[in-house]
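So this block is final_20.txt, compact mmCIF, C-alpha atoms and all ligand atoms:
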```
# COMPACT_ATOMS: atom_id res chain seq x y z
CA MET O 3 -14.05 4.25 10.99
CA PRO O 4 -15.77 1.60 8.93
CA ARG O 5 -15.27 -1.85 10.32
CA VAL O 6 -15.84 -5.40 9.14
CA GLU O 7 -16.33 -7.91 11.90
CA ILE O 8 -15.45 -11.47 11.06
CA ASP O 9 -17.11 -14.30 12.90
CA THR O 10 -14.59 -17.13 13.21
CA LYS O 11 -17.20 -19.57 14.47
CA ALA O 12 -19.42 -18.93 11.45
CA LEU O 13 -16.46 -19.36 9.10
CA ASN O 14 -15.60 -22.70 10.70
CA ALA O 15 -19.23 -23.79 10.74
CA ASN O 16 -19.54 -23.05 7.01
CA TRP O 17 -16.40 -25.05 6.29
CA ARG O 18 -17.80 -27.99 8.26
CA THR O 19 -21.11 -27.74 6.38
CA LEU O 20 -19.24 -27.97 3.10
CA ASP O 21 -16.95 -30.69 4.41
CA ALA O 22 -19.99 -32.75 5.37
CA LEU O 23 -21.17 -32.50 1.75
CA SER O 24 -17.93 -33.72 0.26
CA GLY O 25 -17.89 -37.26 1.63
CA LYS O 26 -14.37 -38.70 1.72
CA ALA O 27 -12.95 -35.87 -0.36
CA ARG O 28 -10.85 -33.27 1.42
CA THR O 29 -12.43 -29.84 1.60
CA GLY O 30 -10.05 -27.05 0.69
CA ALA O 31 -10.57 -23.31 0.74
CA ALA O 32 -10.10 -20.49 -1.75
CA VAL O 33 -8.35 -17.69 0.15
CA LYS O 34 -7.29 -15.63 -2.87
CA ALA O 35 -7.73 -11.85 -2.91
CA ASP O 36 -6.61 -11.73 0.70
CA GLY O 37 -9.17 -14.26 1.85
CA TYR O 38 -12.03 -12.65 -0.08
CA GLY O 39 -11.10 -9.32 1.44
CA LEU O 40 -11.14 -10.45 5.06
CA GLY O 41 -7.45 -11.30 5.58
CA ALA O 42 -6.00 -14.47 4.08
CA THR O 43 -3.76 -15.48 6.95
CA ARG O 44 -6.42 -15.15 9.63
CA VAL O 45 -9.03 -16.86 7.45
CA ALA O 46 -6.68 -19.71 6.62
CA GLN O 47 -5.59 -20.20 10.22
CA ALA O 48 -9.21 -20.30 11.36
CA LEU O 49 -10.05 -22.84 8.66
CA HIS O 50 -6.96 -24.87 9.49
CA ASP O 51 -8.23 -25.06 13.06
CA ALA O 52 -11.47 -26.48 11.65
CA GLY O 53 -9.51 -29.15 9.74
CA CYS O 54 -8.73 -27.59 6.36
CA HIS O 55 -5.27 -28.24 4.92
CA ASP O 56 -5.56 -27.16 1.27
CA PHE O 57 -5.57 -23.47 0.40
CA PHE O 58 -5.86 -21.76 -2.97
CA VAL O 59 -4.45 -18.30 -3.70
CA ALA O 60 -4.24 -16.52 -7.05
CA TRP O 61 -0.65 -15.26 -7.11
CA ALA O 62 2.69 -16.60 -5.92
CA ASP O 63 3.15 -13.47 -3.78
CA GLU O 64 -0.10 -14.22 -1.99
CA GLY O 65 1.15 -17.74 -1.39
CA VAL O 66 4.47 -16.55 0.00
CA ALA O 67 2.69 -14.19 2.42
CA LEU O 68 0.31 -16.96 3.48
CA ARG O 69 3.19 -19.38 4.07
CA GLN O 70 4.92 -16.78 6.24
CA GLY O 71 1.74 -16.36 8.24
CA PHE O 72 1.44 -20.12 8.67
CA ASP O 73 5.09 -20.62 9.59
CA GLU O 74 5.00 -17.88 12.20
CA THR O 75 2.17 -19.68 13.94
CA GLY O 76 3.30 -23.26 13.46
CA TYR O 77 0.85 -24.45 10.80
CA GLY O 78 3.61 -26.05 8.77
CA ASP O 79 1.58 -28.79 7.10
CA ALA O 80 -0.78 -26.66 5.01
CA ARG O 81 -0.73 -27.09 1.24
CA ILE O 82 -0.87 -23.83 -0.69
CA TYR O 83 -1.81 -23.89 -4.38
CA VAL O 84 -1.16 -20.92 -6.67
CA LEU O 85 -4.04 -20.80 -9.15
CA GLN O 86 -2.38 -18.44 -11.58
CA GLY O 87 0.71 -20.57 -11.98
CA VAL O 88 4.31 -19.38 -12.03
CA SER O 89 6.80 -17.59 -14.19
CA LEU O 90 10.41 -18.74 -14.25
CA GLY O 91 11.31 -15.87 -11.92
CA ASP O 92 8.73 -17.04 -9.35
CA VAL O 93 10.11 -20.56 -9.06
CA PRO O 94 12.72 -19.98 -6.34
CA ALA O 95 10.18 -18.18 -4.13
CA CYS O 96 7.64 -20.93 -4.76
CA LEU O 97 10.14 -23.60 -3.76
CA GLU O 98 11.24 -21.68 -0.70
CA ALA O 99 7.61 -21.26 0.42
CA ARG O 100 6.64 -24.82 -0.62
CA LEU O 101 3.90 -23.55 -2.93
CA ILE O 102 2.20 -25.83 -5.44
CA PRO O 103 1.73 -23.96 -8.71
CA VAL O 104 -1.35 -24.70 -10.78
CA LEU O 105 0.07 -24.89 -14.31
CA SER O 106 -2.38 -23.98 -17.04
CA ASN O 107 -0.35 -23.88 -20.24
CA LEU O 108 2.73 -25.43 -21.81
CA ALA O 109 4.86 -22.31 -21.33
CA GLU O 110 4.22 -22.46 -17.59
CA ILE O 111 5.06 -26.13 -17.49
CA ALA O 112 8.32 -25.41 -19.31
CA ALA O 113 9.13 -22.52 -16.94
CA TRP O 114 8.40 -24.64 -13.89
CA CYS O 115 10.52 -27.56 -15.13
CA GLU O 116 13.38 -25.26 -16.04
CA GLY O 117 13.19 -23.54 -12.66
CA LEU O 118 13.31 -26.91 -10.91
CA GLU O 119 16.28 -28.00 -12.98
CA ARG O 120 18.18 -24.78 -12.22
CA ALA O 121 17.46 -25.25 -8.55
CA GLY O 122 18.31 -28.94 -8.70
CA ARG O 123 15.02 -29.72 -6.99
CA ARG O 124 11.90 -31.82 -7.40
CA ALA O 125 8.54 -30.47 -6.28
CA PRO O 126 4.90 -31.23 -7.01
CA ALA O 127 2.72 -29.14 -9.30
CA ALA O 128 -0.98 -29.13 -10.13
CA LEU O 129 -2.35 -29.05 -13.67
CA GLN O 130 -5.46 -27.19 -14.69
CA PHE O 131 -7.33 -28.30 -17.79
CA GLU O 132 -9.81 -26.33 -19.83
CA THR O 133 -13.23 -27.99 -20.01
CA GLY O 134 -15.51 -25.27 -21.29
CA MET O 135 -14.90 -22.02 -19.49
CA ASN O 136 -12.29 -20.75 -21.93
CA ARG O 137 -10.42 -19.00 -19.17
CA LEU O 138 -7.28 -20.73 -17.89
CA GLY O 139 -6.28 -24.27 -18.66
CA LEU O 140 -4.41 -26.74 -20.80
CA ASP O 141 -6.28 -28.16 -23.76
CA ALA O 142 -6.84 -31.88 -24.07
CA ALA O 143 -4.85 -31.69 -27.33
CA GLU O 144 -1.78 -30.78 -25.25
CA LEU O 145 -1.95 -33.99 -23.25
CA PRO O 146 0.81 -35.75 -25.23
CA VAL O 147 3.33 -33.00 -24.38
CA VAL O 148 2.25 -33.02 -20.74
CA ARG O 149 2.47 -36.79 -20.50
CA ALA O 150 5.92 -36.74 -22.04
CA ALA O 151 7.07 -34.28 -19.36
CA VAL O 152 5.61 -36.54 -16.69
CA ALA O 153 7.14 -39.68 -18.20
CA GLY O 154 10.53 -37.96 -18.49
CA GLY O 155 10.49 -37.27 -14.76
CA ALA O 156 10.60 -33.48 -15.13
CA LEU O 157 7.02 -32.96 -13.98
CA ASP O 158 5.57 -34.37 -10.78
CA VAL O 159 1.80 -33.91 -10.88
CA SER O 160 0.04 -34.04 -7.51
CA LEU O 161 -3.37 -32.69 -8.57
CA VAL O 162 -5.39 -32.42 -11.76
CA MET O 163 -8.10 -29.82 -11.77
CA SER O 164 -10.60 -27.91 -13.87
CA HIS O 165 -13.05 -25.15 -13.05
CA LEU O 166 -16.84 -25.15 -13.37
CA ALA O 167 -18.31 -22.23 -15.27
CA SER O 168 -21.94 -22.47 -14.26
CA ALA O 169 -22.39 -24.86 -11.37
CA ASP O 170 -24.79 -22.30 -9.89
CA GLU O 171 -27.11 -22.47 -12.89
CA THR O 172 -29.28 -25.08 -14.47
CA GLY O 173 -28.34 -26.33 -17.91
CA ASP O 174 -26.06 -29.04 -19.16
CA GLN O 175 -22.68 -27.30 -19.18
CA THR O 176 -21.75 -28.59 -15.72
CA ALA O 177 -22.33 -32.25 -16.55
CA ALA O 178 -20.47 -31.82 -19.83
CA GLN O 179 -17.51 -30.30 -18.02
CA ARG O 180 -17.46 -33.22 -15.61
CA ARG O 181 -17.42 -35.73 -18.46
CA GLN O 182 -14.52 -33.95 -20.14
CA PHE O 183 -12.70 -33.72 -16.85
CA LEU O 184 -13.07 -37.46 -16.23
CA ALA O 185 -11.67 -38.22 -19.67
CA ILE O 186 -8.63 -36.03 -18.98
CA CYS O 187 -8.05 -37.53 -15.54
CA GLU O 188 -7.75 -40.99 -17.06
CA HIS O 189 -4.37 -39.89 -18.36
CA PHE O 190 -3.19 -39.35 -14.77
CA PRO O 191 -4.00 -42.57 -12.92
CA GLY O 192 -3.78 -42.28 -9.15
CA VAL O 193 -3.38 -38.49 -9.19
CA GLU O 194 -5.79 -36.49 -7.01
CA ARG O 195 -8.57 -34.60 -8.78
CA SER O 196 -10.42 -31.37 -7.98
CA LEU O 197 -13.34 -29.81 -9.81
CA ALA O 198 -15.82 -28.23 -7.38
CA ASN O 199 -15.99 -24.59 -6.29
CA SER O 200 -18.70 -23.60 -3.79
CA ALA O 201 -21.58 -24.15 -6.16
CA GLY O 202 -20.03 -27.44 -7.28
CA SER O 203 -19.77 -28.57 -3.67
CA PHE O 204 -23.56 -28.62 -3.53
CA LEU O 205 -23.89 -30.86 -6.58
CA GLY O 206 -23.26 -34.11 -4.75
CA LEU O 207 -20.41 -36.57 -4.44
CA ASP O 208 -20.08 -36.97 -8.22
CA TYR O 209 -18.37 -33.60 -8.18
CA ALA O 210 -16.27 -33.94 -5.03
CA PHE O 211 -13.45 -36.17 -6.37
CA GLU O 212 -10.52 -36.04 -3.92
CA LEU O 213 -10.49 -32.32 -3.13
CA THR O 214 -13.02 -29.47 -3.29
CA ARG O 215 -12.17 -25.76 -3.49
CA PRO O 216 -15.05 -23.70 -2.08
CA GLY O 217 -14.64 -19.97 -1.58
CA ILE O 218 -17.69 -17.76 -1.35
CA ALA O 219 -19.83 -20.25 0.59
CA LEU O 220 -17.23 -20.31 3.38
CA TYR O 221 -17.64 -16.56 3.70
CA GLY O 222 -21.42 -16.86 3.87
CA GLY O 223 -22.19 -15.70 0.33
CA ARG O 224 -24.71 -17.35 -1.94
CA ALA O 225 -23.25 -20.16 -3.98
CA GLY O 226 -26.41 -20.60 -5.99
CA ALA O 227 -27.55 -23.89 -4.50
CA PRO O 228 -30.84 -24.72 -2.73
CA SER O 229 -29.12 -25.79 0.49
CA ASP O 230 -27.27 -22.49 0.82
CA GLY O 231 -29.65 -21.66 3.62
CA LYS O 232 -27.43 -23.59 6.01
CA LEU O 233 -24.55 -21.17 5.58
CA THR O 234 -24.04 -18.44 8.12
CA PRO O 235 -23.03 -14.82 7.46
CA VAL O 236 -19.36 -14.36 8.34
CA ALA O 237 -18.64 -10.70 7.64
CA THR O 238 -20.56 -7.75 9.10
CA LEU O 239 -19.79 -4.32 7.69
CA THR O 240 -20.69 -1.38 9.93
CA ALA O 241 -19.91 2.31 10.10
CA ALA O 242 -20.83 5.09 12.49
CA ILE O 243 -23.44 7.77 11.96
CA LEU O 244 -21.67 11.15 11.91
CA GLN O 245 -24.68 13.47 11.81
CA VAL O 246 -28.47 13.28 11.88
CA ARG O 247 -30.44 15.98 10.03
CA THR O 248 -34.06 16.66 9.30
CA ALA O 249 -34.97 17.88 5.82
CA LYS O 250 -38.33 19.06 4.53
CA ALA O 251 -40.43 17.42 1.86
CA GLY O 252 -39.41 18.86 -1.49
CA GLU O 253 -35.76 19.28 -0.56
CA ALA O 254 -33.07 17.11 -2.10
CA ALA O 255 -30.26 15.05 -0.63
CA GLY O 256 -26.80 14.12 -1.82
CA TYR O 257 -24.91 14.65 -5.07
CA GLY O 258 -26.90 15.60 -8.11
CA ALA O 259 -29.94 16.22 -5.89
CA ALA O 260 -30.72 12.68 -6.95
CA ALA O 261 -32.96 11.99 -3.96
CA ARG O 262 -36.05 14.28 -3.93
CA LEU O 263 -37.68 14.02 -0.55
CA THR O 264 -41.37 13.17 -0.71
CA ARG O 265 -41.87 13.62 3.04
CA ASP O 266 -40.10 15.36 5.90
CA THR O 267 -37.12 13.07 6.27
CA ARG O 268 -34.61 12.29 8.99
CA ILE O 269 -31.30 11.65 7.33
CA ALA O 270 -28.38 9.84 8.97
CA THR O 271 -25.03 10.56 7.36
CA VAL O 272 -22.75 7.55 7.79
CA GLY O 273 -18.96 7.41 7.40
CA LEU O 274 -18.77 4.77 4.70
CA GLY O 275 -18.53 5.19 0.95
CA TYR O 276 -17.34 3.68 -2.26
CA ALA O 277 -13.72 4.22 -1.23
CA ASP O 278 -14.42 1.57 1.39
CA GLY O 279 -15.86 -0.78 -1.18
CA TYR O 280 -19.52 0.02 -0.57
CA PRO O 281 -20.65 0.28 -4.17
CA ARG O 282 -22.00 3.48 -5.64
CA ALA O 283 -24.40 1.27 -7.53
CA ALA O 284 -26.10 0.56 -4.15
CA SER O 285 -27.30 4.20 -4.15
CA GLY O 286 -30.94 4.85 -3.38
CA ALA O 287 -31.33 7.06 -6.44
CA GLY O 288 -29.44 8.76 -9.17
CA VAL O 289 -27.25 6.03 -10.52
CA PRO O 290 -27.73 5.41 -14.21
CA LEU O 291 -28.35 1.88 -15.45
CA ARG O 292 -30.16 1.10 -12.28
CA GLU O 293 -33.09 3.46 -12.41
CA THR O 294 -35.79 0.84 -12.24
CA ARG O 295 -34.51 -0.74 -9.04
CA SER O 296 -34.41 0.70 -5.58
CA GLY O 297 -31.15 0.94 -3.73
CA ALA O 298 -29.75 -1.24 -0.99
CA MET O 299 -31.04 -1.43 2.57
CA ALA O 300 -29.01 -0.96 5.73
CA PHE O 301 -29.86 -1.67 9.37
CA VAL O 302 -29.96 0.85 12.20
CA ALA O 303 -31.09 0.23 15.80
CA GLY O 304 -33.19 -2.78 14.89
CA HIS O 305 -34.75 -1.27 11.77
CA SER O 306 -34.18 -1.80 8.05
CA VAL O 307 -33.58 1.55 6.40
CA PRO O 308 -32.99 2.51 2.77
CA VAL O 309 -29.91 4.15 1.32
CA LEU O 310 -30.89 7.69 0.29
CA GLY O 311 -29.53 9.30 -2.85
CA ARG O 312 -26.05 8.68 -4.18
CA VAL O 313 -23.38 6.87 -2.23
CA SER O 314 -20.32 9.14 -2.21
CA MET O 315 -16.64 8.42 -1.65
CA ASP O 316 -16.61 8.52 2.13
CA LEU O 317 -20.24 9.04 3.08
CA THR O 318 -23.61 7.39 2.61
CA LEU O 319 -27.02 8.78 3.57
CA LEU O 320 -29.70 6.64 5.18
CA ASP O 321 -33.38 7.51 5.53
CA VAL O 322 -33.98 6.90 9.25
CA THR O 323 -37.34 8.66 9.46
CA ASP O 324 -39.04 5.45 10.61
CA VAL O 325 -36.54 4.68 13.39
CA PRO O 326 -37.39 6.17 16.82
CA ALA O 327 -35.39 9.41 17.06
CA ASP O 328 -33.75 8.60 20.38
CA LEU O 329 -32.17 5.48 18.88
CA VAL O 330 -30.31 7.30 16.13
CA GLU O 331 -27.54 9.67 17.08
CA PRO O 332 -23.97 10.36 16.07
CA GLY O 333 -21.88 7.35 17.02
CA THR O 334 -24.67 4.82 16.44
CA ARG O 335 -23.36 2.18 14.05
CA ALA O 336 -25.27 1.24 10.93
CA GLU O 337 -24.89 -2.23 9.42
CA PHE O 338 -24.47 -2.40 5.64
CA PHE O 339 -24.28 -6.17 5.38
CA GLY O 340 -23.97 -9.00 7.86
CA ALA O 341 -26.25 -10.75 10.29
CA ASN O 342 -29.20 -8.39 9.64
CA VAL O 343 -28.62 -7.34 6.05
CA SER O 344 -27.99 -10.11 3.55
CA ILE O 345 -24.80 -9.48 1.61
CA ASP O 346 -26.46 -11.07 -1.39
CA GLY O 347 -29.39 -8.68 -1.07
CA VAL O 348 -27.01 -5.71 -1.16
CA ALA O 349 -25.18 -7.25 -4.10
CA ASP O 350 -28.46 -7.78 -5.96
CA ALA O 351 -29.48 -4.16 -5.33
CA ALA O 352 -26.11 -2.98 -6.65
CA GLY O 353 -26.16 -5.25 -9.69
CA THR O 354 -23.17 -7.25 -8.50
CA ILE O 355 -22.26 -10.34 -6.47
CA ALA O 356 -21.19 -10.90 -2.88
CA TYR O 357 -17.70 -11.83 -4.11
CA GLU O 358 -17.16 -8.30 -5.39
CA LEU O 359 -18.43 -6.72 -2.17
CA LEU O 360 -16.02 -8.78 -0.07
CA ALA O 361 -12.99 -8.66 -2.36
CA GLY O 362 -13.52 -4.92 -2.83
CA LEU O 363 -13.57 -3.99 0.87
CA GLY O 364 -11.30 -0.99 1.18
CA ARG O 365 -8.00 -0.95 2.98
CA ARG O 366 -9.21 1.56 5.55
CA VAL O 367 -12.01 -0.75 6.67
CA GLU O 368 -10.79 -2.15 9.96
CA ARG O 369 -10.86 -5.98 10.13
CA VAL O 370 -12.01 -7.10 13.56
CA TRP O 371 -11.98 -10.81 14.42
CA ARG O 372 -14.53 -12.24 16.85
C1 LIG X 1 -12.12 -18.60 -6.98
C2 LIG X 1 -11.97 -20.02 -7.36
C3 LIG X 1 -12.59 -21.03 -6.60
C4 LIG X 1 -13.58 -20.72 -5.50
O1 LIG X 1 -14.77 -20.26 -6.12
P1 LIG X 1 -16.11 -19.93 -5.31
O2 LIG X 1 -17.12 -19.68 -6.35
O3 LIG X 1 -15.81 -18.72 -4.49
O4 LIG X 1 -16.43 -21.10 -4.47
C5 LIG X 1 -12.30 -22.34 -6.93
N1 LIG X 1 -11.47 -22.64 -7.97
C6 LIG X 1 -10.89 -21.69 -8.74
C7 LIG X 1 -10.02 -22.09 -9.87
C8 LIG X 1 -11.13 -20.36 -8.48
O5 LIG X 1 -10.59 -19.41 -9.25
```

Please express the file's structure as structure tokens.
Ligand SMILES: *Cc1c(COP(=O)(O)O)cnc(C)c1O
Amino acid sequence: MPRVEIDTKALNANWRTLDALSGKARTGAAVKADGYGLGATRVAQALHDAGCHDFFVAWADEGVALRQGFDETGYGDARIYVLQGVSLGDVPACLEARLIPVLSNLAEIAAWCEGLERAGRRAPAALQFETGMNRLGLDAAELPVVRAAVAGGALDVSLVMSHLASADETGDQTAAQRRQFLAICEHFPGVERSLANSAGSFLGLDYAFELTRPGIALYGGRAGAPSDGKLTPVATLTAAILQVRTAKAGEAAGYGAAARLTRDTRIATVGLGYADGYPRAASGAGVPLRETRSGAMAFVAGHSVPVLGRVSMDLTLLDVTDVPADLVEPGTRAEFFGANVSIDGVADAAGTIAYELLAGLGRRVERVWR
């Protein structure tokens, strides 16, 4: 079976690297999408052991599951923020699980306040403001309504946040977002602020505020900053070779006969495919839109080897002609990303990003913690 091995030490080391960059600010962690595909509870517990206490999920359900995981293991003090806010129906579960919703529009604020009133409870919420991404967030023009809710005692704001659209790129959007964010925060004196994702965490203390929210960098993916080199790969995806065949020059391999063999070729057939989240766009040949680029590389018995032909649902072919024959046999595991194959390199070859490779890891890929 395909397997992803997760290196707890590397995860913790990456968190500490980011924490060292954030000065006095607390360093949180984005663990949405089941901890970027690796398992939110295990990721969060490992990061909690490193000193992290602030966790960001996308949905209330993810937050409830994470709280259960924490409670079962005695990590009661963790803060869990729900980035995609709440509906009225979610409020009881949020209260029960002590989740902090990130409210991004007036309807959500109204739903949250009504839910609190019905429950006869007070609880903190975070507010997200729009500063240029045009994705989720309150507009500055809505500040008077928000401030009225705060002044009336219905809304207890514990964090004000916004999200950077292009912290991993040059250009002036990032600085402009920061200026807008500062102007908004002035309406919430004394309330904690959070702006930086992974890429933002590398922009210096001006972006750290009181809390940072890195995700991909913790998992060893490229955040788009020069000092990324210090981050360590966390996830290693491997699968076993099922068969080794030799084909003659002139023959073809895989669906669509997309790979025409230009030499006698030893082909290793590996039990991993796009159903496991290994993208078809990583194919060595035969995928439209990507004809000018070569496919991804894998790693077998100490050698880098190319993906051959089209990745299929459960199987991928590797050209292992250049690996000594006695090192490649059924059962040998091939690495598709990890310590020897950069996840960002695979993502580049497939026209995607490391986030998508991790978040898309299939359910049948076994998660093994080291
Ligand atoms: C996903 C997410 C993050 C983390 O982003 P990375 O680029 O993975 O560091 C931070 N904040 C918000 C609002 C997010 O959606």

Contacts of Arg69 (chain O) at 7 Å (all atoms listed in the file; same-chain gap of 4+ positions) as an NGL selection string: :O and (65 or 73 or 99)

Writing out the chosen residues with C-alpha atoms as a JSON list (two decimals), in the frame of the given file:
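Full text of selection-v7.json as output:
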```json
[["chain", "number", "residue", "atom", "x", "y", "z"],
["O", 65, "GLY", "CA", 1.15, -17.74, -1.39],
["O", 73, "ASP", "CA", 5.09, -20.62, 9.59],
["O", 99, "ALA", "CA", 7.61, -21.26, 0.42]]
```

Got a sec to check which residues lie within 6 Å of ligand LIG 1 (chain X), using all atoms listed in the file, and send them as a PDB file with C-alpha atoms, in the frame of the given file?
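The result, written out as part06.pdb:
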```
ATOM      1  CA  ALA O  32     -10.100 -20.490  -1.750  1.00  0.00           C
ATOM      2  CA  HIS O 165     -13.050 -25.150 -13.050  1.00  0.00           C
ATOM      3  CA  ASN O 199     -15.990 -24.590  -6.290  1.00  0.00           C
ATOM      4  CA  SER O 200     -18.700 -23.600  -3.790  1.00  0.00           C
ATOM      5  CA  ARG O 215     -12.170 -25.760  -3.490  1.00  0.00           C
ATOM      6  CA  PRO O 216     -15.050 -23.700  -2.080  1.00  0.00           C
ATOM      7  CA  GLY O 217     -14.640 -19.970  -1.580  1.00  0.00           C
ATOM      8  CA  ILE O 218     -17.690 -17.760  -1.350  1.00  0.00           C
TER       9      ILE O 218
END
```

Long-range neighbours of region 304-307 of chain O as a PyMOL selection string, 12 Å cut-off, all atoms listed in the file, 3 positions minimum in chain: chain O and resi 268-270+286+297-301+310+319-327+329-330+334-339+341-344

Top pick for closest residue to Ala27 (chain O), considering O:Gly258, O:Gly206, O:Gly273, O:Pro103 and counting all atoms listed in the file: O:Gly206

Pick from O:Asp92, O:Asp79, O:Asp51, O:Asp316, whichever lies nearest to Met3 (chain O) using only C-alpha atoms: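 Of O:Asp92, O:Asp79, O:Asp51, O:Asp316, the one nearest Met3 (chain O) is O:Asp316, counting only C-alpha atoms.
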
Residues within 9 Å of Leu220 (chain O), all atoms listed in the file, excluding chain neighbours under 4 positions, as a PyMOL selection string: chain O and resi 12-17+19-20+31-32+200+216+233-236

Residue contacts of region 169-181 of chain O (7 Å, all atoms listed in the file) excluding same-chain residues fewer than 4 positions away, as a PyMOL selection string: chain O and resi 133-134+185+201-202+225-227

Between CA of Thr238 (chain O) and CA of Gly222 (chain O) - distance in Å to one decimal: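 Distance reported for this atom pair: 10.5 Å.
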
Residue list as a ChimeraX atom specification for point (-20.9, 7.0, 7.0), cut-off 8 Å, all atoms listed in the file: /O:4,241-244,271-275,316-319

From O:His55, O:Arg247, O:Lys11, O:Arg5, residue lying nearest Leu40 (chain O) [all atoms listed in the file]: O:Arg5

Nearby residues (all atoms listed in the file) at most 9 Å from Gly117 (chain O), same-chain spacing under 2 positions excluded, as number ranges by chain: O: 89-94, 112-115, 119-123

Straight-line distance linking CA of Asp346 (chain O) with CA of Leu207 (chain O), stated in Å to one decimal: 26.4 Å
